file model_6.cif (mmCIF, C-alpha atoms)
data_model
loop_
_atom_site.label_atom_id
_atom_site.label_comp_id
_atom_site.auth_asym_id
_atom_site.auth_seq_id
_atom_site.Cartn_x
_atom_site.Cartn_y
_atom_site.Cartn_z
CA MET P 1 16.38 2.88 4.67
CA SER P 2 14.57 6.12 5.50
CA THR P 3 12.81 6.06 2.13
CA ASP P 4 11.72 2.45 2.67
CA THR P 5 10.31 3.20 6.12
CA THR P 6 8.43 6.18 4.68
CA ARG P 7 6.77 3.92 2.10
CA ILE P 8 5.75 1.47 4.83
CA ASP P 9 4.32 4.31 6.91
CA TYR P 10 2.41 5.59 3.87
CA ALA P 11 0.91 2.13 3.26
CA CYS P 12 -0.15 1.81 6.91
CA GLY P 13 -2.22 4.98 6.53
CA TYR P 14 -4.33 3.24 3.88
CA PHE P 15 -4.56 -0.07 5.71
CA HIS P 16 -8.25 0.18 6.63
CA VAL P 17 -9.18 0.98 3.04
CA ILE P 18 -8.31 -2.63 2.17
CA TRP P 19 -11.29 -4.02 4.09
CA SER P 20 -13.61 -0.99 4.04
CA SER P 21 -13.61 -0.53 0.25
CA PRO P 22 -15.13 -3.97 -0.54
CA ILE P 23 -17.85 -3.32 2.06
CA GLN P 24 -18.70 0.04 0.50
CA ILE P 25 -18.79 -1.56 -2.95
CA CYS P 26 -21.15 -4.32 -1.79
CA ILE P 27 -23.53 -1.88 -0.09
CA ALA P 28 -23.63 0.46 -3.10
CA LEU P 29 -24.16 -2.49 -5.45
CA GLY P 30 -27.02 -3.74 -3.30
CA PHE P 31 -28.79 -0.39 -3.51
CA LEU P 32 -28.18 -0.27 -7.27
CA ILE P 33 -29.78 -3.69 -7.73
CA PHE P 34 -32.71 -2.52 -5.63
CA ASN P 35 -32.93 0.62 -7.76
CA ILE P 36 -32.54 -0.62 -11.36
CA GLY P 37 -32.64 -4.37 -10.87
CA PRO P 38 -30.22 -6.86 -12.43
CA SER P 39 -29.17 -4.23 -14.97
CA ALA P 40 -26.79 -2.92 -12.34
CA LEU P 41 -24.80 -6.14 -12.64
CA VAL P 42 -23.87 -5.23 -16.22
CA GLY P 43 -22.02 -2.13 -15.08
CA PHE P 44 -20.55 -3.98 -12.14
CA ALA P 45 -19.29 -6.70 -14.50
CA LEU P 46 -17.29 -4.04 -16.32
CA LEU P 47 -15.82 -2.91 -13.02
CA ALA P 48 -15.02 -6.51 -12.10
CA LEU P 49 -13.19 -7.04 -15.40
CA VAL P 50 -11.05 -3.97 -14.93
CA GLY P 51 -10.06 -4.97 -11.38
CA PRO P 52 -7.83 -7.97 -12.26
CA MET P 53 -6.18 -5.92 -15.00
CA GLN P 54 -5.27 -3.31 -12.42
CA GLY P 55 -3.85 -6.04 -10.20
CA MET P 56 -1.59 -7.23 -13.02
CA VAL P 57 -0.39 -3.69 -13.60
CA MET P 58 0.32 -3.26 -9.89
CA SER P 59 2.47 -6.39 -9.87
CA LEU P 60 4.42 -4.87 -12.74
CA LEU P 61 4.80 -1.67 -10.73
CA ALA P 62 6.24 -3.64 -7.82
CA SER P 63 8.99 -5.10 -10.00
CA ILE P 64 9.75 -1.69 -11.51
CA ARG P 65 9.84 -0.15 -8.04
CA PHE P 66 12.38 -2.79 -6.95
CA LYS P 67 14.64 -1.94 -9.90
CA ALA P 68 14.26 1.78 -9.23
CA ALA P 69 15.20 1.24 -5.58
CA ASN P 70 18.41 -0.54 -6.61
CA VAL P 71 19.34 2.35 -8.90
CA THR P 72 18.60 4.78 -6.07
CA ASP P 73 20.94 2.84 -3.79
CA GLU P 74 23.69 3.02 -6.39
CA ARG P 75 23.19 6.77 -6.79
CA VAL P 76 23.23 7.40 -3.04
CA LYS P 77 26.33 5.24 -2.64
CA LEU P 78 28.15 7.11 -5.40
CA THR P 79 27.09 10.45 -3.92
CA GLN P 80 28.49 9.45 -0.53
CA GLU P 81 31.76 8.35 -2.13
CA ILE P 82 32.02 11.69 -3.93
CA LEU P 83 31.42 13.65 -0.74
CA LEU P 84 33.92 11.60 1.24
CA GLY P 85 36.60 11.88 -1.42
CA ILE P 86 35.87 15.41 -2.60
CA LYS P 87 39.41 16.60 -1.83
CA VAL P 88 40.99 13.90 -3.96
CA ILE P 89 38.47 14.48 -6.75
CA LYS P 90 39.20 18.21 -6.78
CA SER P 91 42.96 17.62 -6.61
CA TYR P 92 43.02 15.37 -9.68
CA ALA P 93 40.25 17.25 -11.54
CA TRP P 94 37.94 14.22 -11.71
CA GLU P 95 34.78 16.32 -11.42
CA ASP P 96 33.58 15.69 -14.96
CA SER P 97 33.97 11.92 -14.84
CA PHE P 98 32.16 11.60 -11.52
CA THR P 99 29.49 14.05 -12.66
CA ASP P 100 28.86 11.97 -15.78
CA ALA P 101 28.63 8.77 -13.74
CA LEU P 102 26.23 10.39 -11.28
CA ASN P 103 24.09 11.87 -14.07
CA LYS P 104 23.80 8.47 -15.77
CA LEU P 105 22.46 6.91 -12.59
CA ARG P 106 20.16 9.86 -11.97
CA ASN P 107 18.76 9.76 -15.50
CA LYS P 108 18.17 6.03 -15.18
CA GLU P 109 16.39 6.58 -11.87
CA ILE P 110 14.27 9.38 -13.35
CA GLY P 111 13.29 7.06 -16.20
CA PHE P 112 11.97 4.47 -13.75
CA ILE P 113 10.15 7.13 -11.71
CA ARG P 114 8.60 8.67 -14.82
CA PHE P 115 7.36 5.27 -15.95
CA LEU P 116 5.85 4.58 -12.53
CA LEU P 117 4.08 7.94 -12.42
CA VAL P 118 2.67 7.52 -15.94
CA ILE P 119 1.28 4.07 -15.10
CA ARG P 120 -0.20 5.33 -11.84
CA ALA P 121 -1.81 8.28 -13.62
CA ALA P 122 -3.28 5.91 -16.20
CA ILE P 123 -4.68 3.67 -13.47
CA THR P 124 -6.17 6.64 -11.64
CA GLY P 125 -7.75 7.94 -14.83
CA CYS P 126 -9.12 4.50 -15.62
CA SER P 127 -10.60 4.28 -12.13
CA MET P 128 -12.44 7.56 -12.68
CA VAL P 129 -13.69 6.80 -16.21
CA VAL P 130 -14.74 3.16 -15.85
CA PRO P 131 -17.60 3.88 -13.38
CA VAL P 132 -19.07 6.35 -15.89
CA PHE P 133 -19.09 3.72 -18.63
CA ALA P 134 -20.49 1.20 -16.16
CA CYS P 135 -23.33 3.60 -15.38
CA ILE P 136 -24.06 4.10 -19.09
CA LEU P 137 -24.11 0.35 -19.74
CA SER P 138 -26.47 -0.23 -16.84
CA PHE P 139 -28.87 2.47 -18.05
CA ILE P 140 -28.83 1.09 -21.60
CA THR P 141 -29.52 -2.42 -20.34
CA PHE P 142 -32.28 -1.15 -18.06
CA SER P 143 -33.94 0.70 -20.97
CA LEU P 144 -33.68 -2.28 -23.32
CA ALA P 145 -35.23 -4.49 -20.65
CA GLY P 146 -38.30 -2.24 -20.62
CA GLY P 147 -37.47 -0.20 -17.56
CA ASN P 148 -38.66 3.36 -17.10
CA LEU P 149 -35.79 5.77 -16.55
CA ASP P 150 -37.37 8.56 -14.56
CA VAL P 151 -35.55 11.36 -12.79
CA GLY P 152 -35.49 9.62 -9.42
CA ILE P 153 -33.93 6.44 -10.76
CA VAL P 154 -31.36 8.24 -12.88
CA PHE P 155 -30.07 10.63 -10.23
CA SER P 156 -30.10 8.09 -7.42
CA SER P 157 -28.26 5.59 -9.62
CA LEU P 158 -25.72 8.24 -10.59
CA ALA P 159 -25.16 8.96 -6.90
CA LEU P 160 -24.68 5.27 -6.17
CA PHE P 161 -22.24 4.84 -9.04
CA GLY P 162 -20.43 7.88 -7.70
CA THR P 163 -20.28 6.11 -4.35
CA LEU P 164 -18.75 3.14 -6.13
CA ARG P 165 -16.18 5.40 -7.75
CA ILE P 166 -14.66 6.54 -4.45
CA PRO P 167 -13.52 3.10 -3.18
CA LEU P 168 -12.57 2.09 -6.71
CA LEU P 169 -10.42 5.20 -6.95
CA ARG P 170 -8.75 4.56 -3.62
CA PHE P 171 -8.25 0.86 -4.10
CA PRO P 172 -5.58 1.13 -6.86
CA ILE P 173 -3.71 3.71 -4.77
CA VAL P 174 -3.81 1.32 -1.83
CA ILE P 175 -2.58 -1.55 -3.98
CA ALA P 176 0.27 0.61 -5.31
CA SER P 177 1.28 1.69 -1.81
CA ILE P 178 1.13 -1.93 -0.62
CA ALA P 179 3.34 -2.96 -3.54
CA ASP P 180 5.86 -0.27 -2.57
CA ALA P 181 5.67 -1.31 1.08
CA TYR P 182 6.20 -4.96 0.14
CA VAL P 183 9.38 -4.07 -1.74
CA ALA P 184 10.51 -1.85 1.15
CA ILE P 185 9.92 -4.60 3.72
CA ASN P 186 11.95 -7.07 1.67
CA ARG P 187 14.79 -4.58 1.37
CA ILE P 188 14.79 -3.84 5.10
CA ASN P 189 14.59 -7.56 5.86
CA GLU P 190 17.56 -8.22 3.59
CA PHE P 191 19.51 -5.44 5.31
CA LEU P 192 18.71 -6.63 8.84
CA GLN P 193 19.55 -10.25 8.05
CA ALA P 194 22.83 -9.43 6.33
CA ASP P 195 26.02 -10.83 7.82
CA GLU P 196 27.88 -8.66 10.28
CA LEU P 197 31.04 -7.06 8.93
CA SER P 198 34.20 -7.13 10.96
CA VAL P 199 35.29 -3.62 11.85
CA LEU P 200 38.97 -4.48 12.13
CA PRO P 201 40.88 -6.79 9.77
CA GLU P 202 42.26 -10.01 11.11
CA ILE P 203 45.94 -9.70 12.02
CA ASN P 204 48.28 -12.67 12.00
CA SER P 205 51.07 -11.94 14.45
CA ASP P 206 53.20 -14.75 13.02
CA GLU P 207 53.62 -13.00 9.66
CA GLN P 208 56.82 -11.06 9.01
CA TYR P 209 55.07 -8.10 7.39
CA ALA P 210 51.86 -6.37 8.40
CA ILE P 211 50.97 -5.59 4.76
CA LYS P 212 52.25 -7.59 1.80
CA VAL P 213 51.39 -7.16 -1.90
CA THR P 214 52.12 -10.01 -4.30
CA ASP P 215 52.32 -9.40 -8.06
CA GLY P 216 50.80 -5.96 -7.64
CA GLU P 217 50.53 -3.38 -10.41
CA PHE P 218 50.45 0.33 -9.63
CA ILE P 219 49.67 3.18 -12.00
CA TRP P 220 50.12 6.85 -11.28
CA GLU P 221 47.54 9.07 -12.98
#

call {"tool": "encode", "arguments": {"input": "model_6.cif", "output": "structure tokens"}}
result
Amino acid sequence: MSTDTTRIDYACGYFHVIWSSPIQICIALGFLIFNIGPSALVGFALLALVGPMQGMVMSLLASIRFKAANVTDERVKLTQEILLGIKVIKSYAWEDSFTDALNKLRNKEIGFIRFLLVIRAAITGCSMVVPVFACILSFITFSLAGGNLDVGIVFSSLALFGTLRIPLLRFPIVIASIADAYVAINRINEFLQADELSVLPEINSDEQYAIKVTDGEFIWE
């Protein structure tokens, strides 16, 4: 639960980026249109096409994060069982078997985490590269339309595309953190709404024996 609450806290720190990033994008786009005319829309169209693709990838990340969280729960549960029963494990020399089981879960968890980090790195790199290509496309369109690319237009447009890059770079991070927070909220909600467990077993005073085993099989290892 502590990991889930940390993810929610991390997402809350980026909450205002959700509404401020679109405003920054609109203002920068308006100045670009004023600067190089409708040619700026060509570069913005490229950015608009990449956006939905990033959203699809983020939905995939949410499902992978949910699977990784389940594996993490299994690993933590097994670790707690090992620590609680360490005397028995040492007495019967079960260290290797429990170590193998724990390593399998850990390797599976690392595989999920590695996949998530690779996808996030790819999204971040795409967010940094796409504005550059958008700028190039806009300049090419502006030149083909008969525009005059002087120093003032080029450098001011580069600055505006750089302004576009900042919210576009933050926005995928925000979406990823929101996806993690969404999974964390569902897990916490499932935990809080789970049925209460009875601390003590029910005892029937009418029974002859307190504990009775029927057709039981016991093996000494």

call {"tool": "closest_atom_pairs", "arguments": {"input": "model_6.cif", "of": "segment 65-132 of chain P", "to": "segment 38-44 of chain P", "cutoff": "10 Å", "atoms": "all atoms listed in the file", "output": "JSON lines"}}
result
{"residue": "P:Val130", "atom": "CA", "partner": "P:Gly43", "partner_atom": "CA", "distance": 9.0}
{"residue": "P:Pro131", "atom": "CA", "partner": "P:Gly43", "partner_atom": "CA", "distance": 7.7}
{"residue": "P:Val132", "atom": "CA", "partner": "P:Gly43", "partner_atom": "CA", "distance": 9.0}

call {"tool": "atom_distance", "arguments": {"input": "model_6.cif", "atom1": "atom CA of Lys87 of chain P", "atom2": "atom CA of Leu105 of chain P"}}
result
22.3 Å

call {"tool": "atom_distance", "arguments": {"input": "model_6.cif", "atom1": "atom CA of Arg187 of chain P", "atom2": "atom CA of Asp4 of chain P"}}
result
7.8 Å

call {"tool": "resolve_selection", "arguments": {"input": "model_6.cif", "expression": "the PyMOL selection byres ((chain P and resi 21-27) around 10)", "output": "number ranges by chain"}}
result
P: 16-20, 28-32, 44, 160-161, 163-171

call {"tool": "closest_residue", "arguments": {"input": "model_6.cif", "among": "P:Ile219, P:Glu190, P:Met53, P:Glu202", "to": "Cys126 of chain P", "atoms": "all atoms listed in the file"}}
result
P:Met53

call {"tool": "closest_residue", "arguments": {"input": "model_6.cif", "among": "P:Asp195, P:Glu109, P:Asp150, P:Asp180", "to": "Asn70 of chain P", "atoms": "all atoms listed in the file"}}
result
P:Glu109

call {"tool": "closest_residue", "arguments": {"input": "model_6.cif", "among": "P:Thr6, P:Ala62, P:Lys212, P:Glu217", "to": "Leu116 of chain P", "atoms": "all atoms listed in the file"}}
result
P:Ala62
